[in-house]
>>> print(open('work_31.cif').read())   # mmCIF, C-alpha atoms
data_my_file
#
loop_
_atom_site.group_PDB
_atom_site.id
_atom_site.type_symbol
_atom_site.label_atom_id
_atom_site.label_comp_id
_atom_site.auth_asym_id
_atom_site.auth_seq_id
_atom_site.Cartn_x
_atom_site.Cartn_y
_atom_site.Cartn_z
ATOM 1 C CA MET I 1 104.047 92.291 61.677
ATOM 2 C CA GLY I 2 106.145 91.134 58.715
ATOM 3 C CA ILE I 3 107.021 87.535 57.913
ATOM 4 C CA ALA I 4 110.616 87.927 59.138
ATOM 5 C CA SER I 5 109.478 89.467 62.425
ATOM 6 C CA THR I 6 106.894 86.734 62.884
ATOM 7 C CA ILE I 7 109.483 84.024 62.333
ATOM 8 C CA LYS I 8 111.829 85.669 64.862
ATOM 9 C CA LEU I 9 109.000 85.925 67.386
ATOM 10 C CA TYR I 10 108.094 82.264 66.996
ATOM 11 C CA HIS I 11 111.757 81.305 67.322
ATOM 12 C CA ARG I 12 112.199 83.338 70.525
ATOM 13 C CA TRP I 13 109.084 81.872 72.129
ATOM 14 C CA TRP I 14 109.996 78.322 71.179
ATOM 15 C CA LYS I 15 113.524 78.779 72.484
ATOM 16 C CA ALA I 16 112.342 80.335 75.782
ATOM 17 C CA TRP I 17 109.191 78.337 76.499
ATOM 18 C CA GLY I 18 108.976 75.449 74.061
ATOM 19 C CA THR I 19 105.602 76.744 72.827
ATOM 20 C CA LEU I 20 104.082 78.952 70.193
ATOM 21 C CA PRO I 21 103.391 82.602 71.180
ATOM 22 C CA VAL I 22 100.260 83.554 73.109
ATOM 23 C CA SER I 23 98.803 86.351 71.004
ATOM 24 C CA ALA I 24 97.260 88.169 73.999
ATOM 25 C CA TRP I 25 100.662 88.401 75.704
ATOM 26 C CA VAL I 26 102.411 89.470 72.525
ATOM 27 C CA ARG I 27 99.879 92.279 72.195
ATOM 28 C CA ALA I 28 100.194 93.090 75.909
ATOM 29 C CA ALA I 29 103.984 93.347 75.664
ATOM 30 C CA ALA I 30 103.685 95.826 72.788
ATOM 31 C CA LEU I 31 101.222 97.927 74.804
ATOM 32 C CA TYR I 32 103.525 97.712 77.857
ATOM 33 C CA ARG I 33 106.463 99.050 75.818
ATOM 34 C CA ALA I 34 104.249 101.843 74.491
ATOM 35 C CA GLY I 35 103.302 102.880 78.029
ATOM 36 C CA LYS I 36 99.649 101.922 77.535
ATOM 37 C CA PHE I 37 99.455 100.138 80.854
ATOM 38 C CA GLU I 38 95.678 99.864 81.286
ATOM 39 C CA GLU I 39 95.319 98.280 77.852
ATOM 40 C CA ALA I 40 98.262 95.992 78.557
ATOM 41 C CA ILE I 41 96.624 94.893 81.813
ATOM 42 C CA SER I 42 93.508 93.759 79.940
ATOM 43 C CA SER I 43 95.565 91.757 77.451
ATOM 44 C CA TYR I 44 97.701 90.104 80.125
ATOM 45 C CA GLU I 45 94.607 89.184 82.133
ATOM 46 C CA SER I 46 92.755 87.760 79.130
ATOM 47 C CA GLY I 47 95.759 85.587 78.281
ATOM 48 C CA LEU I 48 96.148 84.415 81.867
ATOM 49 C CA ALA I 49 92.458 83.543 82.096
ATOM 50 C CA ARG I 50 92.905 81.156 79.178
ATOM 51 C CA TYR I 51 96.477 79.970 79.649
ATOM 52 C CA SER I 52 96.992 79.892 83.418
ATOM 53 C CA ALA I 53 99.125 76.729 83.179
ATOM 54 C CA HIS I 54 101.307 78.020 80.330
ATOM 55 C CA PRO I 55 105.088 77.901 80.951
ATOM 56 C CA ALA I 56 105.213 81.673 80.397
ATOM 57 C CA ALA I 57 102.347 82.416 82.804
ATOM 58 C CA ILE I 58 104.611 83.496 85.674
ATOM 59 C CA SER I 59 106.481 85.852 83.372
ATOM 60 C CA ALA I 60 103.134 87.258 82.245
ATOM 61 C CA HIS I 61 102.118 87.712 85.891
ATOM 62 C CA LEU I 62 105.342 89.647 86.551
ATOM 63 C CA ASP I 63 104.672 91.944 83.614
ATOM 64 C CA LEU I 64 101.049 92.325 84.700
ATOM 65 C CA ALA I 65 102.194 93.352 88.195
ATOM 66 C CA TYR I 66 104.470 96.005 86.723
ATOM 67 C CA CYS I 67 101.656 97.395 84.559
ATOM 68 C CA LEU I 68 99.326 97.465 87.564
ATOM 69 C CA PHE I 69 101.971 99.341 89.527
ATOM 70 C CA ARG I 70 102.515 101.878 86.741
ATOM 71 C CA ALA I 71 98.744 102.329 86.460
ATOM 72 C CA GLY I 72 98.585 103.169 90.176
ATOM 73 C CA ARG I 73 96.647 100.018 91.018
ATOM 74 C CA PHE I 74 98.929 99.221 93.928
ATOM 75 C CA ASP I 75 96.744 96.768 95.833
ATOM 76 C CA GLU I 76 96.335 94.641 92.721
ATOM 77 C CA ALA I 77 100.062 94.836 91.997
ATOM 78 C CA LEU I 78 100.815 93.639 95.528
ATOM 79 C CA GLN I 79 98.317 90.793 95.276
ATOM 80 C CA THR I 80 99.726 89.686 91.924
ATOM 81 C CA LEU I 81 103.293 89.653 93.259
ATOM 82 C CA LYS I 82 102.216 87.817 96.409
ATOM 83 C CA PHE I 83 100.493 85.245 94.188
ATOM 84 C CA ILE I 84 103.747 84.683 92.283
ATOM 85 C CA VAL I 85 105.780 84.421 95.486
ATOM 86 C CA GLY I 86 103.286 81.933 96.900
ATOM 87 C CA ARG I 87 103.031 79.838 93.764
ATOM 88 C CA THR I 88 106.671 79.896 92.645
ATOM 89 C CA PRO I 89 108.702 81.036 95.668
ATOM 90 C CA LEU I 90 112.079 80.636 93.945
ATOM 91 C CA VAL I 91 111.419 83.457 91.469
ATOM 92 C CA ARG I 92 113.811 85.997 93.025
ATOM 93 C CA GLU I 93 112.581 88.867 90.852
ATOM 94 C CA ALA I 94 109.101 88.542 92.324
ATOM 95 C CA HIS I 95 110.451 89.018 95.856
ATOM 96 C CA ILE I 96 112.493 92.059 94.837
ATOM 97 C CA ARG I 97 109.570 93.650 93.003
ATOM 98 C CA LEU I 98 107.205 92.973 95.886
ATOM 99 C CA ALA I 99 109.610 94.628 98.326
ATOM 100 C CA THR I 100 110.046 97.561 95.939
ATOM 101 C CA VAL I 101 106.295 98.208 95.759
ATOM 102 C CA GLN I 102 106.021 97.873 99.532
ATOM 103 C CA MET I 103 108.801 100.420 100.023
ATOM 104 C CA TRP I 104 107.074 102.772 97.556
ATOM 105 C CA LEU I 105 103.941 102.616 99.715
ATOM 106 C CA GLY I 106 105.844 103.289 102.939
ATOM 107 C CA GLN I 107 105.641 99.656 104.082
ATOM 108 C CA ALA I 108 109.311 99.218 104.978
ATOM 109 C CA ILE I 109 108.867 96.495 107.583
ATOM 110 C CA GLU I 110 106.665 94.500 105.184
ATOM 111 C CA ALA I 111 109.440 94.795 102.601
ATOM 112 C CA ALA I 112 111.978 93.592 105.161
ATOM 113 C CA TRP I 113 109.930 90.472 105.889
ATOM 114 C CA THR I 114 109.504 89.853 102.161
ATOM 115 C CA MET I 115 113.278 89.836 101.727
ATOM 116 C CA LYS I 116 113.881 87.809 104.890
ATOM 117 C CA ARG I 117 111.658 85.069 103.448
ATOM 118 C CA ALA I 118 113.423 85.315 100.090
ATOM 119 C CA LEU I 119 116.809 84.792 101.746
ATOM 120 C CA GLN I 120 115.469 81.731 103.537
ATOM 121 C CA LEU I 121 114.453 80.225 100.204
ATOM 122 C CA MET I 122 117.352 80.938 97.873
ATOM 123 C CA ARG I 123 121.049 81.631 97.738
ATOM 124 C CA SER I 124 121.853 85.068 99.083
ATOM 125 C CA ASP I 125 123.456 87.680 96.898
ATOM 126 C CA ALA I 126 124.312 91.359 97.232
ATOM 127 C CA GLU I 127 121.044 92.587 95.720
ATOM 128 C CA LEU I 128 118.816 90.430 97.912
ATOM 129 C CA VAL I 129 120.786 91.275 101.051
ATOM 130 C CA GLY I 130 121.008 94.955 100.090
ATOM 131 C CA THR I 131 117.243 95.150 99.622
ATOM 132 C CA PHE I 132 116.711 93.436 102.987
ATOM 133 C CA LEU I 133 119.142 95.722 104.822
ATOM 134 C CA ALA I 134 117.752 98.844 103.110
ATOM 135 C CA ALA I 135 114.202 98.017 104.225
ATOM 136 C CA VAL I 136 115.190 97.400 107.852
ATOM 137 C CA VAL I 137 117.324 100.559 107.990
ATOM 138 C CA GLU I 138 114.478 102.572 106.456
ATOM 139 C CA ASN I 139 112.202 101.302 109.211
ATOM 140 C CA GLY I 140 114.817 101.908 111.905
ATOM 141 C CA GLY I 141 114.646 98.299 113.135
ATOM 142 C CA PRO I 142 113.446 96.230 114.873
ATOM 143 C CA ARG I 143 116.770 95.243 116.412
ATOM 144 C CA PHE I 144 116.486 91.500 115.757
ATOM 145 C CA LEU I 145 115.796 92.039 112.051
ATOM 146 C CA LEU I 146 118.572 94.627 111.833
ATOM 147 C CA ASN I 147 121.024 92.200 113.379
ATOM 148 C CA GLU I 148 119.938 89.484 110.968
ATOM 149 C CA ALA I 149 120.371 91.801 107.970
ATOM 150 C CA ILE I 150 123.820 92.841 109.198
ATOM 151 C CA GLU I 151 124.804 89.186 109.592
ATOM 152 C CA GLU I 152 123.568 88.396 106.068
ATOM 153 C CA ALA I 153 125.694 91.238 104.709
ATOM 154 C CA ALA I 154 128.748 90.094 106.671
ATOM 155 C CA ARG I 155 128.482 86.599 105.165
ATOM 156 C CA LEU I 156 128.734 87.862 101.599
ATOM 157 C CA PRO I 157 132.075 87.471 99.816
ATOM 158 C CA GLU I 158 134.083 90.715 99.852
ATOM 159 C CA ASN I 159 134.034 90.954 96.062
ATOM 160 C CA GLU I 160 130.232 90.667 95.878
ATOM 161 C CA VAL I 161 128.774 94.163 95.706
ATOM 162 C CA HIS I 162 125.594 95.836 94.517
ATOM 163 C CA PRO I 163 124.512 99.502 94.618
ATOM 164 C CA LYS I 164 121.602 98.680 96.940
ATOM 165 C CA LEU I 165 123.970 97.069 99.418
ATOM 166 C CA GLN I 166 126.442 99.968 99.237
ATOM 167 C CA VAL I 167 123.722 102.524 99.960
ATOM 168 C CA ALA I 168 122.200 100.405 102.721
ATOM 169 C CA ARG I 169 125.571 99.986 104.436
ATOM 170 C CA ALA I 170 126.185 103.735 104.349
ATOM 171 C CA ARG I 171 122.734 104.451 105.784
ATOM 172 C CA LEU I 172 123.334 101.797 108.447
ATOM 173 C CA LYS I 173 126.389 103.725 109.662
ATOM 174 C CA ILE I 174 124.251 106.830 110.113
ATOM 175 C CA LEU I 175 121.676 104.789 112.025
ATOM 176 C CA GLN I 176 124.403 103.281 114.228
ATOM 177 C CA ASN I 177 125.957 106.583 115.276
ATOM 178 C CA GLU I 178 128.639 106.797 112.608
ATOM 179 C CA PRO I 179 127.031 109.744 110.791
ATOM 180 C CA GLY I 180 130.247 111.268 109.478
ATOM 181 C CA GLN I 181 131.439 108.108 107.755
ATOM 182 C CA GLY I 182 127.956 107.272 106.516
ATOM 183 C CA ARG I 183 127.468 110.719 104.998
ATOM 184 C CA THR I 184 130.882 110.584 103.338
ATOM 185 C CA GLU I 185 130.077 107.244 101.751
ATOM 186 C CA LEU I 186 126.627 108.381 100.597
ATOM 187 C CA GLU I 187 128.101 111.514 99.059
ATOM 188 C CA ALA I 188 130.654 109.469 97.114
ATOM 189 C CA LEU I 189 127.912 107.156 95.845
ATOM 190 C CA ALA I 190 125.580 110.045 94.963
ATOM 191 C CA ILE I 191 128.060 112.158 92.992
ATOM 192 C CA ASP I 192 129.367 109.213 90.975
ATOM 193 C CA ALA I 193 128.665 109.514 87.263
ATOM 194 C CA ASN I 194 126.739 106.237 87.391
ATOM 195 C CA ALA I 195 124.943 106.997 90.655
ATOM 196 C CA THR I 196 121.744 105.046 91.255
ATOM 197 C CA ARG I 197 118.452 106.641 92.247
ATOM 198 C CA ASP I 198 118.745 104.995 95.667
ATOM 199 C CA ALA I 199 122.115 106.646 96.290
ATOM 200 C CA VAL I 200 121.059 110.127 95.182
ATOM 201 C CA LEU I 201 117.797 109.904 97.111
ATOM 202 C CA ALA I 202 119.479 108.725 100.320
ATOM 203 C CA TYR I 203 122.063 111.495 100.147
ATOM 204 C CA ALA I 204 119.417 114.140 99.379
ATOM 205 C CA GLU I 205 117.469 113.010 102.429
ATOM 206 C CA VAL I 206 120.544 113.427 104.611
ATOM 207 C CA LEU I 207 121.116 116.906 103.193
ATOM 208 C CA VAL I 208 117.515 117.923 103.920
ATOM 209 C CA GLU I 209 117.845 116.656 107.488
ATOM 210 C CA ASP I 210 121.078 118.639 107.856
ATOM 211 C CA GLY I 211 119.421 121.798 106.554
ATOM 212 C CA LYS I 212 121.660 121.920 103.460
ATOM 213 C CA ILE I 213 118.723 122.767 101.269
ATOM 214 C CA ALA I 214 120.496 124.199 98.222
ATOM 215 C CA GLN I 215 122.630 121.062 97.889
ATOM 216 C CA ALA I 216 119.682 118.782 98.568
ATOM 217 C CA ARG I 217 117.597 120.402 95.874
ATOM 218 C CA GLN I 218 120.392 120.031 93.326
ATOM 219 C CA HIS I 219 120.265 116.270 93.838
ATOM 220 C CA LEU I 220 116.483 116.150 93.973
ATOM 221 C CA ARG I 221 116.280 118.038 90.678
ATOM 222 C CA ARG I 222 118.519 115.365 89.175
ATOM 223 C CA LEU I 223 116.020 112.770 90.305
ATOM 224 C CA MET I 224 113.043 114.715 88.962
ATOM 225 C CA ASN I 225 114.365 114.163 85.440
ATOM 226 C CA GLY I 226 113.810 110.409 85.664
ATOM 227 C CA ALA I 227 111.869 109.768 88.869
ATOM 228 C CA SER I 228 109.361 112.611 88.996
ATOM 229 C CA GLU I 229 106.622 110.272 90.230
ATOM 230 C CA HIS I 230 108.600 108.808 93.125
ATOM 231 C CA PRO I 231 106.773 109.768 96.343
ATOM 232 C CA ARG I 232 109.955 110.159 98.393
ATOM 233 C CA VAL I 233 111.475 112.533 95.838
ATOM 234 C CA LEU I 234 108.320 114.640 95.921
ATOM 235 C CA SER I 235 107.970 114.630 99.709
ATOM 236 C CA LEU I 236 111.645 115.519 100.214
ATOM 237 C CA LEU I 237 111.238 118.437 97.834
ATOM 238 C CA ALA I 238 108.189 119.448 99.868
ATOM 239 C CA GLU I 239 110.264 119.304 103.054
ATOM 240 C CA SER I 240 112.929 121.460 101.435
ATOM 241 C CA TYR I 241 110.326 124.212 101.015
ATOM 242 C CA LEU I 242 109.414 123.999 104.714
ATOM 243 C CA LYS I 243 112.914 124.793 105.965
ATOM 244 C CA SER I 244 113.455 128.406 106.956
ATOM 245 C CA GLY I 245 115.498 130.390 104.477
ATOM 246 C CA PRO I 246 115.325 131.596 100.890
ATOM 247 C CA PHE I 247 113.527 128.454 99.646
ATOM 248 C CA TYR I 248 110.690 128.604 102.182
ATOM 249 C CA ASN I 249 107.358 128.311 100.351
ATOM 250 C CA THR I 250 104.433 126.633 102.049
ATOM 251 C CA GLU I 251 102.233 126.615 98.944
ATOM 252 C CA PHE I 252 104.795 124.716 96.875
ATOM 253 C CA ALA I 253 105.390 122.373 99.815
ATOM 254 C CA ALA I 254 101.690 121.525 100.061
ATOM 255 C CA GLN I 255 101.415 120.967 96.308
ATOM 256 C CA LEU I 256 104.404 118.629 96.221
ATOM 257 C CA ALA I 257 103.360 116.742 99.344
ATOM 258 C CA THR I 258 99.827 116.286 97.988
ATOM 259 C CA ASN I 259 101.304 114.876 94.786
ATOM 260 C CA ALA I 260 103.480 112.527 96.844
ATOM 261 C CA CYS I 261 100.421 111.262 98.727
ATOM 262 C CA GLN I 262 98.550 110.740 95.473
ATOM 263 C CA LYS I 263 101.446 108.685 94.082
ATOM 264 C CA THR I 264 100.941 106.216 96.937
ATOM 265 C CA ASN I 265 97.134 106.280 96.768
ATOM 266 C CA TRP I 266 97.240 107.879 100.221
ATOM 267 C CA CYS I 267 98.818 104.768 101.767
ATOM 268 C CA SER I 268 102.169 106.062 103.032
ATOM 269 C CA PRO I 269 102.142 107.557 106.541
ATOM 270 C CA ARG I 270 105.397 109.419 105.917
ATOM 271 C CA GLU I 271 104.140 111.280 102.871
ATOM 272 C CA MET I 272 100.909 112.224 104.649
ATOM 273 C CA HIS I 273 102.927 113.340 107.678
ATOM 274 C CA VAL I 274 104.879 115.747 105.449
ATOM 275 C CA LEU I 275 101.640 117.053 103.951
ATOM 276 C CA ALA I 276 100.201 117.646 107.437
ATOM 277 C CA GLU I 277 103.311 119.662 108.323
ATOM 278 C CA ALA I 278 102.923 121.652 105.094
ATOM 279 C CA TYR I 279 99.319 122.495 105.928
ATOM 280 C CA LEU I 280 100.363 123.536 109.420
ATOM 281 C CA HIS I 281 103.055 125.843 108.026
ATOM 282 C CA ASP I 282 100.432 127.266 105.679
ATOM 283 C CA GLY I 283 98.114 128.021 108.610
ATOM 284 C CA ASP I 284 95.470 125.436 107.671
ATOM 285 C CA LYS I 285 95.234 123.559 110.969
ATOM 286 C CA ILE I 286 91.972 121.768 110.116
ATOM 287 C CA SER I 287 93.441 120.168 106.983
ATOM 288 C CA ALA I 288 96.665 119.457 108.874
ATOM 289 C CA LEU I 289 94.758 117.566 111.571
ATOM 290 C CA LEU I 290 92.701 115.603 109.051
ATOM 291 C CA VAL I 291 95.779 114.485 107.116
ATOM 292 C CA ALA I 292 97.814 113.797 110.258
ATOM 293 C CA SER I 293 94.983 111.605 111.563
ATOM 294 C CA LYS I 294 94.918 109.768 108.239
ATOM 295 C CA ALA I 295 98.681 109.262 108.499
ATOM 296 C CA LYS I 296 98.190 107.857 112.007
ATOM 297 C CA GLU I 297 95.563 105.444 110.698
ATOM 298 C CA ALA I 298 97.840 104.310 107.853
ATOM 299 C CA GLY I 299 100.704 103.825 110.295
ATOM 300 C CA SER I 300 98.532 101.642 112.539
ATOM 301 C CA LYS I 301 98.021 99.236 109.614
ATOM 302 C CA LEU I 302 101.740 98.557 109.180
ATOM 303 C CA LEU I 303 103.279 95.365 110.531
ATOM 304 C CA GLY I 304 105.450 97.525 112.772
ATOM 305 C CA ALA I 305 105.090 101.038 114.067
ATOM 306 C CA TYR I 306 105.537 104.049 111.802
ATOM 307 C CA ARG I 307 109.097 105.267 112.391
ATOM 308 C CA GLU I 308 108.078 108.842 113.228
ATOM 309 C CA GLU I 309 105.028 107.796 115.232
ATOM 310 C CA LYS I 310 105.966 109.830 118.317
ATOM 311 C CA THR I 311 106.505 112.983 116.277
ATOM 312 C CA LEU I 312 103.195 112.416 114.482
ATOM 313 C CA ASP I 313 101.381 111.863 117.788
ATOM 314 C CA LYS I 314 102.805 115.117 119.130
ATOM 315 C CA LEU I 315 101.666 116.931 115.985
ATOM 316 C CA ILE I 316 98.142 115.515 116.319
ATOM 317 C CA GLU I 317 97.998 116.489 119.981
ATOM 318 C CA THR I 318 99.100 120.050 119.175
ATOM 319 C CA LEU I 319 96.629 120.350 116.314
ATOM 320 C CA SER I 320 93.758 118.866 118.344
ATOM 321 C CA THR I 321 94.311 121.435 121.057
ATOM 322 C CA GLY I 322 94.710 124.263 118.594
ATOM 323 C CA THR I 323 91.563 123.460 116.601
ATOM 324 C CA GLN I 324 89.084 123.001 119.419
ATOM 325 C CA ALA I 325 86.104 125.335 119.235
#
>>> encode(input="work_31.cif", output="structure tokens")
Amino acid sequence: MGIASTIKLYHRWWKAWGTLPVSAWVRAAALYRAGKFEEAISSYESGLARYSAHPAAISAHLDLAYCLFRAGRFDEALQTLKFIVGRTPLVREAHIRLATVQMWLGQAIEAAWTMKRALQLMRSDAELVGTFLAAVVENGGPRFLLNEAIEEAARLPENEVHPKLQVARARLKILQNEPGQGRTELEALAIDANATRDAVLAYAEVLVEDGKIAQARQHLRRLMNGASEHPRVLSLLAESYLKSGPFYNTEFAAQLATNACQKTNWCSPREMHVLAEAYLHDGDKISALLVASKAKEAGSKLLGAYREEKTLDKLIETLSTGTQA
């Protein structure tokens, strides 16, 4: 690092934290930007071990949590974010990131409670409320939390908007028996030039459910360009290959669904449910039953019930009968 760069670095740190830079975190940040997440984790942890009371320690914990997430160390990422939320509960970014990781792992109701607590602690805004509403809608309830999220959204000023809130409101209409209006709104959000991943993903899911596979795959391919590791993108693509028609391909479906499960460290019941269906379509009932049972076990660990629990139970019952010797 040159003299000019060093001076700028010292100036930035002094302005932000009133201290000189912590070399371990400077090195960690460079590794983070380079995508070397495991190495960055080591540097963040070594700095935190020595400077746990540093003014920048919470920021370092946030960056550490992101690196842990990107490295697939989800349990450690969750624990780090929960530590931040517990120690400094007014850090709104920690709540949002914690809910995001929980949603990634199929823990929608956990994410809803994370955002409910955040809204009890700080001023509500469209992003916080949108994240709360999105998590409850994804879980399909429970009713009391859904009502609370709806009330939080209704209290926001009309001019306060956020993409998460727009998508969540559209999905809410589908959940509350206004499917036509909800689909229309999701389509408008998804085809916008500045469409968010949440909007495109939500609309693609609706298209898959409606059997509009060609359209769904167009949107999912868009997402694969920048979100190829997202488990829901992968599992929706897998589902698209399980619909009857010209795209039907059980081998591709199983490959994609397996990848989706791997991206959650086999924690998400939904992704495992899709994989079990793929194995069933492929004629491998033993593997289907094993994965479906694993999905059932993962669902039992959630704060609430897995949304498609009844469908999964029916699948397990069918497979158990069909695989008896």
>>> closest_atom_pairs(input="work_31.cif", of="range 124-196 of chain I", to="range 304-321 of chain I", cutoff="9 Å", atoms="all atoms listed in the file", output="JSON lines")
{"residue": "I:Glu138", "atom": "CA", "partner": "I:Arg307", "partner_atom": "CA", "distance": 8.5}
{"residue": "I:Asn139", "atom": "CA", "partner": "I:Arg307", "partner_atom": "CA", "distance": 6.0}
{"residue": "I:Gly140", "atom": "CA", "partner": "I:Arg307", "partner_atom": "CA", "distance": 6.7}
{"residue": "I:Gly141", "atom": "CA", "partner": "I:Arg307", "partner_atom": "CA", "distance": 8.9}
{"residue": "I:Pro142", "atom": "CA", "partner": "I:Gly304", "partner_atom": "CA", "distance": 8.4}
>>> atom_distance(input="work_31.cif", atom1="CA of Gly182 in chain I", atom2="CA of Gly130 in chain I")
15.5 Å
>>> atom_distance(input="work_31.cif", atom1="CA of Glu271 in chain I", atom2="CA of Leu189 in chain I")
25.1 Å
>>> resolve_selection(input="work_31.cif", expression="the PyMOL selection byres ((chain I and resi 150) around 10)", output="JSON, numbers by chain")
{"I": [129, 130, 132, 133, 136, 144, 145, 146, 147, 148, 149, 151, 152, 153, 154, 155, 169, 172]}
>>> residues_near_point(input="work_31.cif", point="(114.2, 124.2, 99.7)", cutoff="7 Å", atoms="only C-alpha atoms", output="PyMOL selection string")
chain I and resi 213-214+217+237+240-243+247-248
>>> residues_around(input="work_31.cif", residues="Ala257 in chain I", least_positions_apart="2", cutoff="10 Å", atoms="only C-alpha atoms", output="list in words")
Pro231, Arg232, Val233, Leu234, Ser235, Leu236, Leu237, Ala238, Glu239, Glu251, Phe252, Ala253, Ala254, Gln255, Asn259, Ala260, Cys261, Gln262, Lys263, Glu271, Met272, His273, Val274, Leu275, Ala276, Glu277, Ala278 and Tyr279 of chain I
>>> residues_around(input="work_31.cif", residues="Ile96 in chain I", least_positions_apart="5", cutoff="8 Å", atoms="all atoms listed in the file", output="compact mmCIF listing (two decimals) with C-alpha atoms, keeping the file's coordinate frame")
# COMPACT_ATOMS: atom_id res chain seq x y z
CA MET I 115 113.28 89.84 101.73
CA LEU I 128 118.82 90.43 97.91
CA THR I 131 117.24 95.15 99.62
>>> closest_atom_pairs(input="work_31.cif", of="range 36-97 of chain I", to="range 120-126 of chain I", cutoff="8 Å", atoms="only C-alpha atoms", output="CSV")
residue,atom,partner,partner_atom,distance
I:Pro89,CA,I:Leu121,CA,7.4
I:Leu90,CA,I:Met122,CA,6.6
I:Arg92,CA,I:Met122,CA,7.9
>>> closest_residue(input="work_31.cif", among="I:Ser59, I:Ser244, I:Ser300, I:Asn177", to="Ser268 in chain I", atoms="all atoms listed in the file")
I:Ser300
>>> closest_residue(input="work_31.cif", among="I:Lys15, I:Arg171, I:Arg221, I:Lys285", to="Pro55 in chain I", atoms="only C-alpha atoms")
I:Lys15
